[in-house]
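Coordinates from query06.txt are shown below (compact mmCIF, N, CA and C atoms).
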# COMPACT_ATOMS: atom_id res chain seq x y z
N MET A 6 -0.32 35.70 20.27
CA MET A 6 0.41 34.44 20.24
C MET A 6 0.48 33.96 18.80
N HIS A 7 1.63 33.56 18.37
CA HIS A 7 1.85 33.09 17.00
C HIS A 7 1.95 31.57 16.99
N TYR A 8 1.08 30.94 16.20
CA TYR A 8 1.09 29.49 16.10
C TYR A 8 1.94 29.06 14.92
N ARG A 9 2.54 27.92 15.06
CA ARG A 9 3.42 27.42 14.02
C ARG A 9 2.64 26.91 12.81
N PHE A 10 1.47 26.35 13.02
CA PHE A 10 0.69 25.77 11.95
C PHE A 10 -0.41 26.73 11.53
N SER A 11 -0.73 26.72 10.27
CA SER A 11 -1.75 27.61 9.73
C SER A 11 -3.14 27.02 9.94
N TYR A 12 -4.08 27.86 10.24
CA TYR A 12 -5.47 27.41 10.38
C TYR A 12 -6.18 27.39 9.03
N ASP A 13 -5.50 27.82 7.98
CA ASP A 13 -6.09 27.82 6.64
C ASP A 13 -6.21 26.41 6.07
N VAL A 14 -5.45 25.49 6.61
CA VAL A 14 -5.50 24.11 6.12
C VAL A 14 -6.80 23.49 6.61
N LYS A 15 -7.68 23.15 5.68
CA LYS A 15 -9.00 22.64 6.05
C LYS A 15 -8.96 21.16 6.40
N GLU A 16 -8.13 20.42 5.71
CA GLU A 16 -8.14 18.98 5.89
C GLU A 16 -6.73 18.44 5.72
N MET A 17 -6.34 17.56 6.62
CA MET A 17 -5.02 16.94 6.48
C MET A 17 -5.11 15.84 5.44
N ARG A 18 -4.08 15.69 4.67
CA ARG A 18 -4.05 14.66 3.63
C ARG A 18 -3.62 13.33 4.24
N TYR A 19 -4.46 12.32 4.06
CA TYR A 19 -4.14 10.97 4.52
C TYR A 19 -3.00 10.45 3.65
N PRO A 20 -1.91 9.99 4.23
CA PRO A 20 -0.78 9.54 3.41
C PRO A 20 -1.19 8.50 2.37
N LEU A 21 -0.75 8.71 1.16
CA LEU A 21 -1.13 7.83 0.05
C LEU A 21 -0.70 6.39 0.29
N ARG A 22 0.44 6.20 0.93
CA ARG A 22 0.92 4.84 1.17
C ARG A 22 -0.09 4.06 2.00
N TYR A 23 -0.63 4.70 3.04
CA TYR A 23 -1.61 4.02 3.88
C TYR A 23 -2.93 3.81 3.16
N ALA A 24 -3.34 4.82 2.39
CA ALA A 24 -4.59 4.69 1.63
C ALA A 24 -4.47 3.55 0.62
N ALA A 25 -3.32 3.46 -0.06
CA ALA A 25 -3.11 2.39 -1.04
C ALA A 25 -3.10 1.03 -0.35
N PHE A 26 -2.41 0.93 0.79
CA PHE A 26 -2.33 -0.35 1.49
C PHE A 26 -3.71 -0.79 1.99
N GLU A 27 -4.48 0.14 2.55
CA GLU A 27 -5.82 -0.19 3.03
C GLU A 27 -6.69 -0.71 1.88
N TRP A 28 -6.59 -0.06 0.73
CA TRP A 28 -7.41 -0.44 -0.42
C TRP A 28 -7.01 -1.83 -0.92
N ILE A 29 -5.71 -2.07 -1.02
CA ILE A 29 -5.22 -3.38 -1.48
C ILE A 29 -5.59 -4.48 -0.48
N ARG A 30 -5.48 -4.18 0.81
CA ARG A 30 -5.82 -5.17 1.83
C ARG A 30 -7.30 -5.54 1.75
N GLU A 31 -8.13 -4.56 1.46
CA GLU A 31 -9.57 -4.81 1.35
C GLU A 31 -9.89 -5.65 0.11
N LYS A 32 -9.24 -5.35 -1.02
CA LYS A 32 -9.53 -6.03 -2.29
C LYS A 32 -8.77 -7.35 -2.45
N LYS A 33 -7.70 -7.54 -1.70
CA LYS A 33 -6.81 -8.70 -1.76
C LYS A 33 -5.89 -8.68 -2.99
N SER A 34 -6.40 -8.30 -4.17
CA SER A 34 -5.53 -8.16 -5.34
C SER A 34 -6.21 -7.25 -6.36
N ALA A 35 -5.40 -6.54 -7.13
CA ALA A 35 -5.92 -5.62 -8.14
C ALA A 35 -4.77 -5.24 -9.07
N THR A 36 -5.12 -4.61 -10.18
CA THR A 36 -4.08 -4.12 -11.08
C THR A 36 -3.64 -2.74 -10.61
N ASP A 37 -2.46 -2.32 -11.07
CA ASP A 37 -1.97 -1.01 -10.69
C ASP A 37 -2.85 0.11 -11.24
N ASP A 38 -3.47 -0.11 -12.40
CA ASP A 38 -4.38 0.89 -12.97
C ASP A 38 -5.61 1.07 -12.09
N ASP A 39 -6.15 -0.04 -11.57
CA ASP A 39 -7.31 0.04 -10.68
C ASP A 39 -6.97 0.80 -9.41
N LEU A 40 -5.79 0.52 -8.88
CA LEU A 40 -5.35 1.19 -7.65
C LEU A 40 -5.17 2.68 -7.88
N LEU A 41 -4.55 3.05 -8.99
CA LEU A 41 -4.35 4.46 -9.31
C LEU A 41 -5.68 5.18 -9.46
N GLU A 42 -6.61 4.53 -10.14
CA GLU A 42 -7.95 5.11 -10.32
C GLU A 42 -8.66 5.28 -8.98
N ALA A 43 -8.55 4.29 -8.10
CA ALA A 43 -9.21 4.36 -6.78
C ALA A 43 -8.60 5.47 -5.93
N LEU A 44 -7.28 5.62 -5.97
CA LEU A 44 -6.63 6.66 -5.18
C LEU A 44 -7.05 8.05 -5.66
N ASN A 45 -7.10 8.24 -6.97
CA ASN A 45 -7.48 9.54 -7.51
C ASN A 45 -8.96 9.82 -7.34
N LYS A 46 -9.76 8.78 -7.27
CA LYS A 46 -11.21 8.92 -7.11
C LYS A 46 -11.55 9.45 -5.72
N ASN A 47 -10.76 9.10 -4.73
CA ASN A 47 -11.04 9.49 -3.35
C ASN A 47 -10.54 10.90 -3.01
N GLY A 48 -10.22 11.69 -4.01
CA GLY A 48 -9.81 13.06 -3.77
C GLY A 48 -8.31 13.24 -3.63
N ASN A 49 -7.56 12.18 -3.67
CA ASN A 49 -6.10 12.29 -3.64
C ASN A 49 -5.60 12.60 -5.04
N LYS A 50 -4.41 13.11 -5.10
CA LYS A 50 -3.78 13.33 -6.40
C LYS A 50 -2.53 12.47 -6.43
N CYS A 51 -2.59 11.43 -7.24
CA CYS A 51 -1.48 10.49 -7.30
C CYS A 51 -1.09 10.29 -8.76
N SER A 52 0.19 10.50 -9.05
CA SER A 52 0.69 10.28 -10.40
C SER A 52 1.20 8.85 -10.52
N PRO A 53 1.36 8.36 -11.73
CA PRO A 53 1.92 7.01 -11.89
C PRO A 53 3.31 6.86 -11.25
N ASP A 54 4.11 7.92 -11.29
CA ASP A 54 5.43 7.85 -10.66
C ASP A 54 5.32 7.73 -9.15
N GLU A 55 4.38 8.48 -8.56
CA GLU A 55 4.15 8.37 -7.12
C GLU A 55 3.67 6.97 -6.75
N LEU A 56 2.80 6.42 -7.58
CA LEU A 56 2.29 5.07 -7.33
C LEU A 56 3.43 4.05 -7.37
N ASP A 57 4.35 4.21 -8.30
CA ASP A 57 5.50 3.30 -8.37
C ASP A 57 6.31 3.34 -7.08
N LYS A 58 6.54 4.54 -6.54
CA LYS A 58 7.30 4.68 -5.29
C LYS A 58 6.55 4.03 -4.13
N ILE A 59 5.24 4.25 -4.08
CA ILE A 59 4.43 3.68 -3.01
C ILE A 59 4.46 2.16 -3.07
N LEU A 60 4.28 1.60 -4.27
CA LEU A 60 4.29 0.15 -4.42
C LEU A 60 5.65 -0.45 -4.08
N MET A 61 6.72 0.27 -4.44
CA MET A 61 8.05 -0.21 -4.11
C MET A 61 8.24 -0.25 -2.59
N GLN A 62 7.77 0.80 -1.89
CA GLN A 62 7.89 0.83 -0.44
C GLN A 62 7.10 -0.31 0.20
N LEU A 63 5.88 -0.53 -0.28
CA LEU A 63 5.05 -1.60 0.28
C LEU A 63 5.64 -2.97 0.01
N GLU A 64 6.25 -3.14 -1.16
CA GLU A 64 6.87 -4.43 -1.49
C GLU A 64 8.11 -4.67 -0.64
N ILE A 65 8.91 -3.64 -0.42
CA ILE A 65 10.10 -3.78 0.42
C ILE A 65 9.72 -4.14 1.85
N LEU A 66 8.63 -3.56 2.33
CA LEU A 66 8.15 -3.87 3.68
C LEU A 66 7.53 -5.26 3.78
N GLY A 67 7.31 -5.91 2.64
CA GLY A 67 6.74 -7.26 2.64
C GLY A 67 5.23 -7.27 2.79
N LEU A 68 4.58 -6.14 2.52
CA LEU A 68 3.13 -6.06 2.68
C LEU A 68 2.38 -6.46 1.42
N VAL A 69 3.00 -6.32 0.26
CA VAL A 69 2.37 -6.69 -1.01
C VAL A 69 3.39 -7.41 -1.89
N THR A 70 2.87 -8.14 -2.86
CA THR A 70 3.71 -8.70 -3.92
C THR A 70 3.22 -8.12 -5.24
N ILE A 71 4.14 -7.92 -6.16
CA ILE A 71 3.80 -7.32 -7.44
C ILE A 71 4.30 -8.24 -8.54
N ARG A 72 3.40 -8.52 -9.48
CA ARG A 72 3.74 -9.39 -10.62
C ARG A 72 3.32 -8.70 -11.90
N TRP A 73 4.13 -8.85 -12.92
CA TRP A 73 3.79 -8.30 -14.23
C TRP A 73 2.77 -9.21 -14.89
N VAL A 74 1.65 -8.62 -15.33
CA VAL A 74 0.60 -9.37 -16.02
C VAL A 74 0.81 -9.26 -17.52
N SER A 75 1.14 -8.07 -17.99
CA SER A 75 1.45 -7.84 -19.39
C SER A 75 2.57 -6.80 -19.44
N LYS A 76 2.86 -6.33 -20.63
CA LYS A 76 3.98 -5.41 -20.79
C LYS A 76 3.84 -4.14 -19.97
N ASP A 77 2.62 -3.64 -19.84
CA ASP A 77 2.42 -2.37 -19.14
C ASP A 77 1.40 -2.47 -18.00
N LYS A 78 1.13 -3.67 -17.52
CA LYS A 78 0.15 -3.85 -16.45
C LYS A 78 0.72 -4.77 -15.38
N ARG A 79 0.49 -4.38 -14.12
CA ARG A 79 0.98 -5.17 -12.99
C ARG A 79 -0.16 -5.58 -12.08
N ARG A 80 -0.03 -6.74 -11.45
CA ARG A 80 -1.00 -7.20 -10.46
C ARG A 80 -0.36 -7.00 -9.10
N VAL A 81 -1.10 -6.32 -8.22
CA VAL A 81 -0.66 -6.07 -6.85
C VAL A 81 -1.50 -6.95 -5.94
N GLU A 82 -0.83 -7.75 -5.12
CA GLU A 82 -1.54 -8.68 -4.23
C GLU A 82 -1.14 -8.42 -2.79
N TYR A 83 -2.14 -8.46 -1.93
CA TYR A 83 -1.91 -8.32 -0.49
C TYR A 83 -1.19 -9.55 0.01
N GLN A 84 -0.13 -9.36 0.76
CA GLN A 84 0.67 -10.45 1.28
C GLN A 84 0.26 -10.71 2.72
N GLU A 85 -0.48 -11.78 2.95
CA GLU A 85 -0.90 -12.09 4.32
C GLU A 85 0.26 -12.70 5.08
N LYS A 86 0.44 -12.21 6.26
CA LYS A 86 1.52 -12.72 7.09
C LYS A 86 1.05 -13.99 7.78
N PRO A 87 1.84 -15.05 7.72
CA PRO A 87 1.44 -16.27 8.42
C PRO A 87 1.48 -16.04 9.93
N SER A 88 0.55 -16.65 10.62
CA SER A 88 0.55 -16.50 12.07
C SER A 88 1.80 -17.15 12.64
N GLU A 89 2.42 -16.45 13.54
CA GLU A 89 3.65 -16.98 14.11
C GLU A 89 3.31 -17.89 15.28
N GLU A 90 3.57 -19.15 15.08
CA GLU A 90 3.32 -20.13 16.12
C GLU A 90 4.64 -20.43 16.81
N PRO A 91 4.56 -20.73 18.09
CA PRO A 91 5.82 -21.07 18.77
C PRO A 91 6.42 -22.33 18.17
N ARG A 92 7.70 -22.30 18.03
CA ARG A 92 8.40 -23.46 17.45
C ARG A 92 8.47 -24.58 18.47
N MET A 93 8.24 -25.77 17.97
CA MET A 93 8.33 -26.95 18.83
C MET A 93 9.80 -27.38 18.87
N PRO A 94 10.31 -27.65 20.05
CA PRO A 94 11.71 -28.09 20.13
C PRO A 94 11.85 -29.47 19.48
N ARG A 95 12.98 -29.67 18.87
CA ARG A 95 13.26 -30.96 18.25
C ARG A 95 13.54 -32.01 19.31
N ILE A 96 13.01 -33.16 19.06
CA ILE A 96 13.27 -34.27 19.98
C ILE A 96 14.42 -35.08 19.40
N SER A 97 15.50 -35.08 20.13
CA SER A 97 16.65 -35.82 19.63
C SER A 97 16.49 -37.29 19.96
N GLU A 98 16.86 -38.11 19.02
CA GLU A 98 16.69 -39.57 19.20
C GLU A 98 18.02 -40.20 19.48
Could you spell out this file's structure in structure tokens?
Amino acid sequence: MHYRFSYDVKEMRYPLRYAAFEWIREKKSATDDDLLEALNKNGNKCSPDELDKILMQLEILGLVTIRWVSKDKRRVEYQEKPSEEPRMPRISE
């Protein structure tokens, strides 16, 4: 029987986008350099270009906000979603 997937793969790679989001959510805010260092420290291989794509995706999804701190440094902040409360109907007078 021939299997489609190879058994040589020892470990599946956790998607960098999720790893980055989990780390930012835990820290609440950090610089992009800190995030890149943390991602590479955990055994992932992430280039600055890859990090830019990941941050852009997370910002478009509304999960983080990104602000420039200096010319070459950015602050990434976890964007907490407000709890959705039911709207109260307006009372017309």
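Of note, CA of Lys46 (chain A) and CA of Ile65 (chain A) are spaced 25.9 Å apart.
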CA of Leu40 (chain A) to CA of Lys76 (chain A): how many Å, to one decimal?
17.4 Å
Counting all atoms listed in the file, what is within 6 Å of Arg79 (chain A), bar same-chain residues fewer than 6 positions away, as an mmCIF file with N, CA and C atoms, keeping the file's coordinate frame?
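Output below, filename around22.cif:
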data_model
loop_
_atom_site.group_PDB
_atom_site.id
_atom_site.type_symbol
_atom_site.label_atom_id
_atom_site.label_comp_id
_atom_site.auth_asym_id
_atom_site.auth_seq_id
_atom_site.Cartn_x
_atom_site.Cartn_y
_atom_site.Cartn_z
ATOM 1 N N ALA A 35 -5.400 -6.540 -7.130
ATOM 2 C CA ALA A 35 -5.920 -5.620 -8.140
ATOM 3 C C ALA A 35 -4.770 -5.240 -9.070
ATOM 4 N N THR A 36 -5.120 -4.610 -10.180
ATOM 5 C CA THR A 36 -4.080 -4.120 -11.080
ATOM 6 C C THR A 36 -3.640 -2.740 -10.610
ATOM 7 N N ASP A 37 -2.460 -2.320 -11.070
ATOM 8 C CA ASP A 37 -1.970 -1.010 -10.690
ATOM 9 C C ASP A 37 -2.850 0.110 -11.240
ATOM 10 N N ARG A 72 3.400 -8.520 -9.480
ATOM 11 C CA ARG A 72 3.740 -9.390 -10.620
ATOM 12 C C ARG A 72 3.320 -8.700 -11.900
ATOM 13 N N TRP A 73 4.130 -8.850 -12.920
ATOM 14 C CA TRP A 73 3.790 -8.300 -14.230
ATOM 15 C C TRP A 73 2.770 -9.210 -14.890
#
Do you have the CA of Pro20 (chain A)-atom N of Glu64 (chain A) distance handy?
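Distance between the two atoms: 15.2 Å.
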With only C-alpha atoms as the atoms that count, which of A:Ile71, A:Ala25, A:Val81, A:Leu44 lies nearest to Ile59 (chain A)?
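Result for the nearest residue to Ile59 (chain A): A:Ala25.
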Take the point (-3.6, 8.1, -1.6) in the file's coordinates, draw a sphere of radius 10 Å around it, and report as an MDAnalysis selection string every protein, DNA or RNA residue with an atom inside or on it, counting only C-alpha atoms.
chainID A and resid 18:28 40:41 43:51 55:56 59
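Per DSSP on the backbone, strand (DSSP E) in region 11-71 of chain A comprises Ser34, Ala35, Thr36, Val69, Thr70 and Ile71 of chain A.
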